[in-house]
Structure formats: structure tokens, C-alpha cells
Amino acid sequence: MYKVDHNAKYIRAVAKDLDEAWEKSVDQYGFLTAKWASDETSKRKPKWLLDEACIAELYGRIGLLNLKN
């Protein structure tokens, strides 16, 4: 959608949620919980590498857009 209307509002919303997930949903090893849950039970559960990889991809793609604030 951004390529069509050049409105970064939704991209910024995703970036904000990603940042919040990194602040609240990581376990002791730095892995995010499923569905970005912040409770301790979720933080102790096993993690999927695919879930972690999509976070890196999202940050990378957002970075390529080179948005101003």
C-alpha cells in the first residue's frame, strides 16, 4: 500500500509495535514470545526460529524504505 499512496502511517505503526515487542516480550536470551506476549509463562516456552526471522525481515524492510521520522 505504501508504494501506491506513499503514506507511511501504517508502516510507522508496525515499527512502533515491533519496538514495543522488543521492550516487553523478549525472554532471557533475547527471543520474542509467540504473539509478542509479555507474561513470564510465555517467555519460558520454546521459541520458533521462523518467528524470530520475520522480525529481522520486518526491521530490514522498514529500514530500506528510509522513512523520515
# chains A, B, ... in the order shown; residues from 1 in each chain; ligands from 1
>>> residues_around(residues="Lys24 in chain A", least_positions_apart="4", cutoff="9 Å", atoms="only C-alpha atoms", output="MDAnalysis selection string")
chainID A and resid 19:20 32 36:39
>>> write_last_selection(atoms="C-alpha atoms", output="short mmCIF file (atom, residue, chain, number, x, y, z; two decimals), in the first residue's frame")
data_model
loop_
_atom_site.label_atom_id
_atom_site.label_comp_id
_atom_site.auth_asym_id
_atom_site.auth_seq_id
_atom_site.Cartn_x
_atom_site.Cartn_y
_atom_site.Cartn_z
CA ASP A 19 9.83 -1.72 19.15
CA GLU A 20 7.31 -2.34 21.91
CA LEU A 32 10.47 -12.83 21.25
CA TRP A 36 4.53 -10.93 21.46
CA ALA A 37 3.07 -11.94 24.81
CA SER A 38 4.70 -10.29 27.80
CA ASP A 39 3.79 -12.76 30.57
#
>>> residues_around(residues="Ala56 in chain A", least_positions_apart="6", cutoff="12 Å", atoms="only C-alpha atoms", output="PDB file with N, CA, C and O atoms, in the first residue's frame")
ATOM      1  N   ALA A  15       6.267  -0.495  12.948  1.00  0.00           N
ATOM      2  CA  ALA A  15       7.571  -0.261  13.571  1.00  0.00           C
ATOM      3  C   ALA A  15       7.416   0.018  15.068  1.00  0.00           C
ATOM      4  O   ALA A  15       8.200  -0.479  15.882  1.00  0.00           O
ATOM      5  N   LEU A  18       6.736  -3.277  16.759  1.00  0.00           N
ATOM      6  CA  LEU A  18       7.969  -4.056  16.822  1.00  0.00           C
ATOM      7  C   LEU A  18       8.853  -3.582  17.969  1.00  0.00           C
ATOM      8  O   LEU A  18       9.386  -4.390  18.739  1.00  0.00           O
ATOM      9  N   ASP A  19       9.013  -2.281  18.073  1.00  0.00           N
ATOM     10  CA  ASP A  19       9.835  -1.720  19.151  1.00  0.00           C
ATOM     11  C   ASP A  19       9.267  -2.077  20.520  1.00  0.00           C
ATOM     12  O   ASP A  19      10.006  -2.432  21.439  1.00  0.00           O
ATOM     13  N   TRP A  22      10.017  -5.677  21.377  1.00  0.00           N
ATOM     14  CA  TRP A  22      11.400  -5.844  21.829  1.00  0.00           C
ATOM     15  C   TRP A  22      11.570  -5.394  23.272  1.00  0.00           C
ATOM     16  O   TRP A  22      12.379  -5.944  24.015  1.00  0.00           O
ATOM     17  N   PHE A  31      14.964 -13.656  22.665  1.00  0.00           N
ATOM     18  CA  PHE A  31      13.996 -14.133  21.688  1.00  0.00           C
ATOM     19  C   PHE A  31      12.606 -13.638  22.043  1.00  0.00           C
ATOM     20  O   PHE A  31      12.224 -13.597  23.210  1.00  0.00           O
ATOM     21  N   LEU A  32      11.833 -13.293  21.035  1.00  0.00           N
ATOM     22  CA  LEU A  32      10.466 -12.830  21.252  1.00  0.00           C
ATOM     23  C   LEU A  32       9.519 -13.991  21.483  1.00  0.00           C
ATOM     24  O   LEU A  32       9.682 -15.071  20.920  1.00  0.00           O
ATOM     25  N   LEU A  49      12.395 -20.418  15.351  1.00  0.00           N
ATOM     26  CA  LEU A  49      13.324 -19.587  14.600  1.00  0.00           C
ATOM     27  C   LEU A  49      12.598 -18.792  13.515  1.00  0.00           C
ATOM     28  O   LEU A  49      12.939 -17.636  13.257  1.00  0.00           O
ATOM     29  N   LEU A  50      11.593 -19.374  12.904  1.00  0.00           N
ATOM     30  CA  LEU A  50      10.849 -18.676  11.866  1.00  0.00           C
ATOM     31  C   LEU A  50      10.187 -17.415  12.410  1.00  0.00           C
ATOM     32  O   LEU A  50      10.168 -16.376  11.744  1.00  0.00           O
ATOM     33  N   ILE A  62      11.626  -2.251   6.623  1.00  0.00           N
ATOM     34  CA  ILE A  62      11.291  -0.890   7.055  1.00  0.00           C
ATOM     35  C   ILE A  62      12.501   0.013   6.881  1.00  0.00           C
ATOM     36  O   ILE A  62      12.389   1.156   6.422  1.00  0.00           O
ATOM     37  N   GLY A  63      13.684  -0.494   7.209  1.00  0.00           N
ATOM     38  CA  GLY A  63      14.901   0.270   7.036  1.00  0.00           C
ATOM     39  C   GLY A  63      15.174   0.629   5.587  1.00  0.00           C
ATOM     40  O   GLY A  63      15.668   1.725   5.284  1.00  0.00           O
TER      41      GLY A  63
END
>>> atom_distance(atom1="CA of Ala8 in chain A", atom2="CA of Ala21 in chain A")
19.9 Å
>>> closest_residue(among="A:Leu58, A:Gly30, A:Lys45, A:Asp51", to="Asp17 in chain A", atoms="only C-alpha atoms")
A:Leu58
>>> closest_residue(among="A:Ile11, A:Glu52, A:Leu65, A:Lys3", to="Ala34 in chain A", atoms="only C-alpha atoms")
A:Glu52
>>> select_by_dssp(residues="chain A", states="helix (DSSP H, G or I)", output="VMD selection string")
chain A and resid 2 to 5 9 to 24 34 to 36 40 to 44 49 to 65
>>> atom_distance(atom1="CA of Cys54 in chain A", atom2="CA of Val4 in chain A")
23.4 Å
>>> closest_residue(among="A:Lys16, A:Lys35, A:Val26, A:Thr41", to="Tyr59 in chain A", atoms="only C-alpha atoms")
A:Lys16
>>> decode(residues="range 34-67 of chain A", atoms="N, CA and C atoms", output="CSV table (one decimal), in the first residue's frame")
chain,number,residue,atom,x,y,z
A,34,ALA,N,5.8,-15.9,21.4
A,34,ALA,CA,4.7,-16.1,20.4
A,34,ALA,C,3.7,-15.0,20.6
A,35,LYS,N,3.2,-14.4,19.6
A,35,LYS,CA,2.2,-13.3,19.6
A,35,LYS,C,2.6,-12.1,20.5
A,36,TRP,N,3.9,-12.0,20.7
A,36,TRP,CA,4.5,-10.9,21.5
A,36,TRP,C,3.9,-10.8,22.9
A,37,ALA,N,3.6,-11.9,23.5
A,37,ALA,CA,3.1,-11.9,24.8
A,37,ALA,C,4.1,-11.5,25.8
A,38,SER,N,3.7,-10.8,26.8
A,38,SER,CA,4.7,-10.3,27.8
A,38,SER,C,4.7,-11.0,29.1
A,39,ASP,N,3.8,-12.0,29.3
A,39,ASP,CA,3.8,-12.8,30.6
A,39,ASP,C,5.0,-13.7,30.7
A,40,GLU,N,5.3,-14.0,31.9
A,40,GLU,CA,6.5,-14.8,32.2
A,40,GLU,C,6.4,-16.3,31.7
A,41,THR,N,5.1,-16.8,31.7
A,41,THR,CA,4.9,-18.2,31.2
A,41,THR,C,5.2,-18.3,29.8
A,42,SER,N,4.8,-17.3,29.0
A,42,SER,CA,5.1,-17.3,27.6
A,42,SER,C,6.6,-17.1,27.3
A,43,LYS,N,7.3,-16.3,28.1
A,43,LYS,CA,8.7,-16.1,28.0
A,43,LYS,C,9.5,-17.4,28.2
A,44,ARG,N,9.0,-18.3,29.0
A,44,ARG,CA,9.7,-19.6,29.3
A,44,ARG,C,9.4,-20.7,28.2
A,45,LYS,N,8.4,-20.5,27.4
A,45,LYS,CA,8.1,-21.5,26.4
A,45,LYS,C,9.2,-21.5,25.2
A,46,PRO,N,9.3,-22.7,24.6
A,46,PRO,CA,10.3,-22.7,23.4
A,46,PRO,C,9.9,-21.7,22.3
A,47,LYS,N,10.9,-21.3,21.6
A,47,LYS,CA,10.7,-20.3,20.5
A,47,LYS,C,10.9,-21.0,19.2
A,48,TRP,N,10.3,-20.4,18.1
A,48,TRP,CA,10.5,-20.9,16.7
A,48,TRP,C,11.4,-19.9,16.0
A,49,LEU,N,12.4,-20.4,15.4
A,49,LEU,CA,13.3,-19.6,14.6
A,49,LEU,C,12.6,-18.8,13.5
A,50,LEU,N,11.6,-19.4,12.9
A,50,LEU,CA,10.8,-18.7,11.9
A,50,LEU,C,10.2,-17.4,12.4
A,51,ASP,N,9.7,-17.5,13.6
A,51,ASP,CA,9.1,-16.3,14.2
A,51,ASP,C,10.1,-15.2,14.5
A,52,GLU,N,11.3,-15.6,14.8
A,52,GLU,CA,12.4,-14.6,15.1
A,52,GLU,C,12.9,-14.0,13.8
A,53,ALA,N,12.9,-14.8,12.7
A,53,ALA,CA,13.4,-14.4,11.4
A,53,ALA,C,12.5,-13.3,10.8
A,54,CYS,N,11.2,-13.5,11.0
A,54,CYS,CA,10.3,-12.5,10.4
A,54,CYS,C,10.5,-11.1,11.1
A,55,ILE,N,10.9,-11.1,12.3
A,55,ILE,CA,11.1,-9.8,13.0
A,55,ILE,C,12.3,-9.1,12.3
A,56,ALA,N,13.4,-9.8,12.1
A,56,ALA,CA,14.6,-9.3,11.4
A,56,ALA,C,14.2,-8.8,10.0
A,57,GLU,N,13.4,-9.6,9.3
A,57,GLU,CA,13.0,-9.2,8.0
A,57,GLU,C,12.1,-7.9,8.0
A,58,LEU,N,11.2,-7.8,8.9
A,58,LEU,CA,10.4,-6.6,9.0
A,58,LEU,C,11.2,-5.3,9.3
A,59,TYR,N,12.2,-5.4,10.3
A,59,TYR,CA,13.1,-4.3,10.5
A,59,TYR,C,13.9,-4.0,9.3
A,60,GLY,N,14.4,-5.0,8.6
A,60,GLY,CA,15.2,-4.7,7.4
A,60,GLY,C,14.4,-4.1,6.3
A,61,ARG,N,13.2,-4.5,6.1
A,61,ARG,CA,12.3,-3.9,5.0
A,61,ARG,C,11.9,-2.5,5.4
A,62,ILE,N,11.6,-2.3,6.6
A,62,ILE,CA,11.3,-0.9,7.1
A,62,ILE,C,12.5,0.0,6.9
A,63,GLY,N,13.7,-0.5,7.2
A,63,GLY,CA,14.9,0.3,7.0
A,63,GLY,C,15.2,0.6,5.6
A,64,LEU,N,14.8,-0.3,4.7
A,64,LEU,CA,15.1,0.0,3.3
A,64,LEU,C,14.2,1.1,2.7
A,65,LEU,N,13.1,1.4,3.4
A,65,LEU,CA,12.2,2.5,3.0
A,65,LEU,C,12.8,3.8,3.3
A,66,ASN,N,13.7,3.9,4.2
A,66,ASN,CA,14.4,5.1,4.5
A,66,ASN,C,13.4,6.3,4.8
A,67,LEU,N,12.4,6.0,5.7
A,67,LEU,CA,11.4,7.0,6.1
A,67,LEU,C,12.0,8.1,6.9
